[in-house]
Amino acid sequence: MKYGVFGKTGWNVSSIGFGAWAIGGSWGKVQDKDSIKTLYTALDQGINLFDTADVYGDGRSERLLAKLKKERKEDFYIITKVGRRLAPHTTGGYNGQNLTAFIERSLKNLETETLDLVQLHCPPSEVYYIPEVFGVMDDLVTQGKIRYYGVSVEKVEEALKAIEYPNVQSVQIVFNIFRQRPSDFFFQLAQERKVAILARVPLSSGMLTGKMNLETQFETDDHRKFNRQGEAFDRGETFSGVDYQTGLEAVDDLKQLLPDGWTMAQFALRWILMHEAVNCVIPGAKHTGQVIDNATAADLPEIPPDTLKAIDDLYNKKIKPLVHHYW
């Protein structure tokens with residue numbers, strides 16, 4: 001595992017983290033005993049950053065991470081997200097009263113007095129134009145309820161606006177072989193401002209593992225079944241906004257570029273880590289084999305230039321017209 005400084009926080013963070021959405025819910029059935037075993041394995045592999053949210057299983061993944069914290073002696077970071085509990089999810093809901101209540105609930109779930117880092121959880125675009133919201137987050141830092149704060153965004157434009165606020169420490173954004181726009185301009189600016197970048201949805205909802213086909217069935221509570229067209233939340237969260245058949249065809253092409261001995265998941269994660277602006281990639285995992293496979297990607301050699309060019313050509317031809325200008 002490789003480690004690097006996480007923005008201005010001073011944290012030394014593993015380049016591969018752990019995304020805890022899948023162990024909370026919306027990815028099919030999962031047992032807590034299996035999730036705890038997977039979390040143990042993540043620590044064993046050198047992972048020291050765990051990303052969760054208060055809505056993942058209605059606090060389930062936060063509570064699992066609290067259990068991990070009690071049972072293991074290693075130091076690690078838990079970063080969570082708030083805002084999506086709002087119903088309806090509106091700009092006006094991002095106020096001091098609601099944000100404080102959400103953070104109090106996460107403090108209880110995580111059994112701690114101070115949260116390491118809290119991210120606004122993909123709020124409406126208008127929120128980024130309300131300085132008072134970020135003033136509330138500053139107040140929560142002053143009160144000692146949170147150490148740092150950042151944002152999780154849907155769109156590059158939101159990321160660019162967010163880092164205008166000086167105390168935004170991190171931006172979590174969808175970035176993978178199928179969603180490359182953040183690297184056009186945002187990455188450079190974030191580096192200049194020493195804002196940490198977390199690459200989320202790195203395996204395109206599992207599409208980039210290469211294990212899916214037209215016959216693959218998803219459970220009814222799996223967003224890959226119920227959110228293909230954005231029926232429940234932004235469609236860019238599911239398969240990166242790429243339609244299923246096109247994604248499968250592109251993955252077949254990518255398999256022809258796969259270095260010997262690598263899995264497709266490792267290939268996709270190592271591609272992200274070729275971008276030095278990315279501080280941490282946060283793939284999810286529901287069992288130990290997945291987390292070992294993910295963690296190993298950090299130690300693989302660089303992808304050769306001719307392979308990178310072939311990936312770019314594939315993106316420009318098959319994927320870019322479908323996603324690039326939407327997010």
# chains A, B, ... in the order shown; residues from 1 in each chain; ligands from 1
call {"tool": "residues_around", "arguments": {"residues": "range 94-96 of chain A", "least_positions_apart": "6", "cutoff": "12 Å", "atoms": "only C-alpha atoms", "output": "count of residues only"}}
result
31
call {"tool": "residues_around", "arguments": {"residues": "Ala159 in chain A", "least_positions_apart": "5", "cutoff": "8 Å", "atoms": "only C-alpha atoms", "output": "PyMOL selection string"}}
result
chain A and resi 151+153+171+173+186
call {"tool": "residues_around", "arguments": {"residues": "Tyr3 in chain A", "least_positions_apart": "3", "cutoff": "12 Å", "atoms": "only C-alpha atoms", "output": "mmCIF file with C-alpha atoms, in the first residue's frame"}}
result
data_model
loop_
_atom_site.group_PDB
_atom_site.id
_atom_site.type_symbol
_atom_site.label_atom_id
_atom_site.label_comp_id
_atom_site.auth_asym_id
_atom_site.auth_seq_id
_atom_site.Cartn_x
_atom_site.Cartn_y
_atom_site.Cartn_z
ATOM 1 C CA PHE A 6 -4.398 14.301 2.381
ATOM 2 C CA GLY A 10 -1.691 16.528 7.449
ATOM 3 C CA TRP A 11 -3.194 13.030 7.400
ATOM 4 C CA ASN A 12 -1.117 10.269 5.813
ATOM 5 C CA VAL A 13 -3.780 8.378 3.880
ATOM 6 C CA SER A 14 -3.703 5.107 1.941
ATOM 7 C CA SER A 15 -4.085 5.553 -1.808
ATOM 8 C CA ILE A 16 -6.825 2.905 -1.756
ATOM 9 C CA GLY A 17 -9.612 3.520 0.746
ATOM 10 C CA GLY A 46 -3.105 -1.237 5.005
ATOM 11 C CA ILE A 47 -6.271 0.722 4.199
ATOM 12 C CA ASN A 48 -6.696 3.567 6.682
ATOM 13 C CA LEU A 49 -9.502 5.697 5.222
ATOM 14 C CA LEU A 273 -3.917 6.270 -9.481
ATOM 15 C CA VAL A 278 -6.119 11.826 -6.709
ATOM 16 C CA ASN A 279 -5.288 11.284 -3.048
ATOM 17 C CA CYS A 280 -7.501 8.289 -2.401
ATOM 18 C CA VAL A 281 -9.698 5.935 -4.430
ATOM 19 C CA ALA A 295 -5.858 -2.968 -2.139
ATOM 20 C CA ALA A 298 -1.860 0.319 -5.225
ATOM 21 C CA ASP A 299 1.332 -1.697 -5.647
#
call {"tool": "closest_residue", "arguments": {"among": "A:Lys211, A:Lys37, A:Lys8, A:His223", "to": "Ile292 in chain A", "atoms": "only C-alpha atoms"}}
result
A:Lys37
call {"tool": "atom_distance", "arguments": {"atom1": "CA of Arg147 in chain A", "atom2": "CA of Val118 in chain A"}}
result
8.2 Å
call {"tool": "closest_residue", "arguments": {"among": "A:Arg193, A:Arg270, A:His275, A:Arg228", "to": "Asp293 in chain A", "atoms": "only C-alpha atoms"}}
result
A:Arg270
call {"tool": "select_by_dssp", "arguments": {"residues": "range 148-257 of chain A", "states": "strand (DSSP E or B)", "output": "list in words"}}
result
Tyr148, Tyr149, Gly150, Val151, Ser152, Val168, Gln169, Ser170, Val171, Gln172, Ile173, Val174, Asn176, Arg179, Ala196, Ile197, Leu198, Ala199, Arg200 and Asp222 of chain A
call {"tool": "write_last_selection", "arguments": {"atoms": "C-alpha atoms", "output": "compact mmCIF listing (two decimals), in the first residue's frame"}}
result
# COMPACT_ATOMS: atom_id res chain seq x y z
CA TYR A 148 -12.62 19.08 8.93
CA TYR A 149 -15.22 19.26 6.21
CA GLY A 150 -15.48 18.75 2.47
CA VAL A 151 -18.03 18.00 -0.21
CA SER A 152 -19.21 15.11 -2.33
CA VAL A 168 -13.19 22.94 2.15
CA GLN A 169 -10.52 20.31 2.68
CA SER A 170 -11.65 17.63 0.23
CA VAL A 171 -13.80 16.98 -2.80
CA GLN A 172 -15.25 13.56 -3.52
CA ILE A 173 -16.13 13.19 -7.18
CA VAL A 174 -17.02 10.42 -9.64
CA ASN A 176 -13.08 6.46 -13.48
CA ARG A 179 -16.00 9.48 -16.26
CA ALA A 196 -7.68 16.51 -1.37
CA ILE A 197 -9.49 14.51 -4.05
CA LEU A 198 -11.39 11.29 -3.40
CA ALA A 199 -12.31 9.29 -6.50
CA ARG A 200 -15.70 7.71 -5.95
CA ASP A 222 -29.83 -2.86 -5.66
call {"tool": "residues_around", "arguments": {"residues": "Thr288 in chain A", "least_positions_apart": "6", "cutoff": "8 Å", "atoms": "only C-alpha atoms", "output": "ChimeraX atom specification"}}
result
/A:37-38,41-42
call {"tool": "select_by_dssp", "arguments": {"residues": "range 39-151 of chain A", "states": "alpha helix (DSSP H)", "output": "PyMOL selection string"}}
result
chain A and resi 39-44+60-71+96-110+131-142
call {"tool": "write_last_selection", "arguments": {"atoms": "N, CA and C atoms", "output": "tab-separated table (two decimals), in the first residue's frame"}}
result
chain	number	residue	atom	x	y	z
A	39	LEU	N	-14.15	-5.47	6.70
A	39	LEU	CA	-13.51	-4.28	7.27
A	39	LEU	C	-12.19	-4.65	7.97
A	40	TYR	N	-12.19	-5.76	8.68
A	40	TYR	CA	-10.95	-6.24	9.29
A	40	TYR	C	-9.87	-6.45	8.22
A	41	THR	N	-10.29	-7.07	7.12
A	41	THR	CA	-9.34	-7.36	6.04
A	41	THR	C	-8.81	-6.07	5.43
A	42	ALA	N	-9.67	-5.07	5.32
A	42	ALA	CA	-9.22	-3.78	4.78
A	42	ALA	C	-8.09	-3.21	5.63
A	43	LEU	N	-8.25	-3.24	6.95
A	43	LEU	CA	-7.17	-2.77	7.82
A	43	LEU	C	-5.92	-3.62	7.66
A	44	ASP	N	-6.10	-4.91	7.56
A	44	ASP	CA	-4.95	-5.81	7.38
A	44	ASP	C	-4.19	-5.49	6.11
A	60	ARG	N	-26.44	2.27	9.17
A	60	ARG	CA	-25.88	0.93	9.37
A	60	ARG	C	-24.37	0.89	9.17
A	61	SER	N	-23.88	1.49	8.08
A	61	SER	CA	-22.43	1.41	7.83
A	61	SER	C	-21.66	2.25	8.85
A	62	GLU	N	-22.22	3.36	9.31
A	62	GLU	CA	-21.57	4.13	10.37
A	62	GLU	C	-21.43	3.28	11.63
A	63	ARG	N	-22.48	2.56	11.99
A	63	ARG	CA	-22.43	1.75	13.20
A	63	ARG	C	-21.45	0.58	13.06
A	64	LEU	N	-21.33	0.03	11.86
A	64	LEU	CA	-20.33	-1.02	11.64
A	64	LEU	C	-18.91	-0.47	11.81
A	65	LEU	N	-18.69	0.73	11.34
A	65	LEU	CA	-17.37	1.34	11.49
A	65	LEU	C	-17.07	1.68	12.95
A	66	ALA	N	-18.10	2.05	13.71
A	66	ALA	CA	-17.91	2.27	15.14
A	66	ALA	C	-17.47	0.98	15.83
A	67	LYS	N	-18.06	-0.12	15.41
A	67	LYS	CA	-17.68	-1.43	15.94
A	67	LYS	C	-16.23	-1.76	15.60
A	68	LEU	N	-15.84	-1.46	14.37
A	68	LEU	CA	-14.46	-1.67	13.95
A	68	LEU	C	-13.50	-0.86	14.82
A	69	LYS	N	-13.86	0.37	15.08
A	69	LYS	CA	-13.02	1.26	15.88
A	69	LYS	C	-12.81	0.70	17.28
A	70	LYS	N	-13.85	0.10	17.83
A	70	LYS	CA	-13.75	-0.46	19.18
A	70	LYS	C	-12.92	-1.74	19.21
A	71	GLU	N	-12.97	-2.50	18.14
A	71	GLU	CA	-12.36	-3.83	18.14
A	71	GLU	C	-10.92	-3.86	17.65
A	96	GLY	N	-28.46	25.50	9.44
A	96	GLY	CA	-27.76	25.17	10.67
A	96	GLY	C	-28.46	24.13	11.52
A	97	GLN	N	-29.76	24.26	11.62
A	97	GLN	CA	-30.52	23.33	12.46
A	97	GLN	C	-30.43	21.90	11.93
A	98	ASN	N	-30.66	21.74	10.64
A	98	ASN	CA	-30.65	20.39	10.06
A	98	ASN	C	-29.24	19.79	10.05
A	99	LEU	N	-28.26	20.57	9.61
A	99	LEU	CA	-26.91	20.04	9.53
A	99	LEU	C	-26.39	19.64	10.91
A	100	THR	N	-26.70	20.45	11.92
A	100	THR	CA	-26.29	20.10	13.28
A	100	THR	C	-26.95	18.81	13.74
A	101	ALA	N	-28.23	18.66	13.43
A	101	ALA	CA	-28.95	17.45	13.82
A	101	ALA	C	-28.37	16.21	13.13
A	102	PHE	N	-28.05	16.35	11.85
A	102	PHE	CA	-27.46	15.22	11.12
A	102	PHE	C	-26.12	14.82	11.74
A	103	ILE	N	-25.31	15.83	12.06
A	103	ILE	CA	-23.99	15.55	12.60
A	103	ILE	C	-24.08	14.96	14.00
A	104	GLU	N	-25.05	15.42	14.78
A	104	GLU	CA	-25.26	14.82	16.10
A	104	GLU	C	-25.61	13.34	15.97
A	105	ARG	N	-26.40	13.02	14.97
A	105	ARG	CA	-26.79	11.62	14.76
A	105	ARG	C	-25.58	10.78	14.34
A	106	SER	N	-24.74	11.33	13.46
A	106	SER	CA	-23.53	10.60	13.06
A	106	SER	C	-22.56	10.43	14.23
A	107	LEU	N	-22.47	11.44	15.07
A	107	LEU	CA	-21.63	11.31	16.27
A	107	LEU	C	-22.10	10.14	17.13
A	108	LYS	N	-23.41	10.00	17.25
A	108	LYS	CA	-23.97	8.90	18.03
A	108	LYS	C	-23.71	7.56	17.35
A	109	ASN	N	-23.96	7.50	16.03
A	109	ASN	CA	-23.73	6.25	15.30
A	109	ASN	C	-22.28	5.80	15.37
A	110	LEU	N	-21.37	6.76	15.27
A	110	LEU	CA	-19.94	6.44	15.24
A	110	LEU	C	-19.32	6.42	16.65
A	131	PRO	N	-22.90	31.05	0.88
A	131	PRO	CA	-21.76	31.05	1.81
A	131	PRO	C	-22.16	30.69	3.24
A	132	GLU	N	-23.42	31.00	3.60
A	132	GLU	CA	-23.86	30.73	4.96
A	132	GLU	C	-23.81	29.23	5.30
A	133	VAL	N	-24.03	28.39	4.30
A	133	VAL	CA	-23.96	26.93	4.54
A	133	VAL	C	-22.55	26.55	4.99
A	134	PHE	N	-21.56	27.08	4.32
A	134	PHE	CA	-20.18	26.77	4.66
A	134	PHE	C	-19.79	27.45	5.98
A	135	GLY	N	-20.46	28.56	6.29
A	135	GLY	CA	-20.28	29.19	7.59
A	135	GLY	C	-20.78	28.30	8.72
A	136	VAL	N	-21.87	27.58	8.47
A	136	VAL	CA	-22.37	26.61	9.45
A	136	VAL	C	-21.32	25.53	9.70
A	137	MET	N	-20.71	25.05	8.63
A	137	MET	CA	-19.68	24.02	8.78
A	137	MET	C	-18.48	24.56	9.56
A	138	ASP	N	-18.11	25.80	9.31
A	138	ASP	CA	-17.03	26.43	10.07
A	138	ASP	C	-17.39	26.46	11.56
A	139	ASP	N	-18.63	26.79	11.86
A	139	ASP	CA	-19.07	26.85	13.26
A	139	ASP	C	-18.99	25.48	13.92
A	140	LEU	N	-19.32	24.45	13.17
A	140	LEU	CA	-19.28	23.09	13.72
A	140	LEU	C	-17.85	22.66	14.00
A	141	VAL	N	-16.90	23.15	13.19
A	141	VAL	CA	-15.49	22.91	13.48
A	141	VAL	C	-15.10	23.61	14.77
A	142	THR	N	-15.50	24.87	14.89
A	142	THR	CA	-15.18	25.65	16.08
A	142	THR	C	-15.75	25.00	17.34
call {"tool": "residues_around", "arguments": {"residues": "Leu189 in chain A", "least_positions_apart": "3", "cutoff": "12 Å", "atoms": "only C-alpha atoms", "output": "list in words"}}
result
Val156, Ala159, Leu160, Lys161, Ala162, Ile163, Glu164, Val171, Pro182, Ser183, Asp184, Phe185, Phe186, Glu192, Arg193, Lys194, Val195, Ala196, Ile197 and Ala277 of chain A
call {"tool": "closest_residue", "arguments": {"among": "A:Trp262, A:Phe187, A:Phe233, A:Tyr315", "to": "Glu249 in chain A", "atoms": "only C-alpha atoms"}}
result
A:Tyr315
call {"tool": "atom_distance", "arguments": {"atom1": "CA of Ile79 in chain A", "atom2": "CA of Thr9 in chain A"}}
result
12.7 Å
call {"tool": "residues_around", "arguments": {"residues": "Phe267 in chain A", "least_positions_apart": "6", "cutoff": "8 Å", "atoms": "only C-alpha atoms", "output": "ChimeraX atom specification"}}
result
/A:258-259,297
call {"tool": "residues_around", "arguments": {"residues": "range 319-325 of chain A", "least_positions_apart": "6", "cutoff": "7 Å", "atoms": "only C-alpha atoms", "output": "PyMOL selection string"}}
result
chain A and resi 178-179+181+241-242
call {"tool": "write_last_selection", "arguments": {"atoms": "N, CA and C atoms", "output": "PDB file, in the first residue's frame"}}
result
ATOM      1  N   PHE A 178     -14.684   5.605 -17.254  1.00  0.00           N
ATOM      2  CA  PHE A 178     -15.893   6.043 -17.952  1.00  0.00           C
ATOM      3  C   PHE A 178     -16.320   7.468 -17.597  1.00  0.00           C
ATOM      4  N   ARG A 179     -15.657   8.103 -16.642  1.00  0.00           N
ATOM      5  CA  ARG A 179     -16.001   9.480 -16.262  1.00  0.00           C
ATOM      6  C   ARG A 179     -14.709  10.264 -16.051  1.00  0.00           C
ATOM      7  N   ARG A 181     -13.954  13.588 -17.090  1.00  0.00           N
ATOM      8  CA  ARG A 181     -13.950  15.048 -17.173  1.00  0.00           C
ATOM      9  C   ARG A 181     -13.238  15.757 -16.009  1.00  0.00           C
ATOM     10  N   GLY A 241     -23.549   6.647 -15.394  1.00  0.00           N
ATOM     11  CA  GLY A 241     -24.437   7.279 -16.361  1.00  0.00           C
ATOM     12  C   GLY A 241     -24.370   6.667 -17.744  1.00  0.00           C
ATOM     13  N   VAL A 242     -23.560   5.616 -17.914  1.00  0.00           N
ATOM     14  CA  VAL A 242     -23.430   4.929 -19.207  1.00  0.00           C
ATOM     15  C   VAL A 242     -24.499   3.841 -19.282  1.00  0.00           C
TER      16      VAL A 242
END
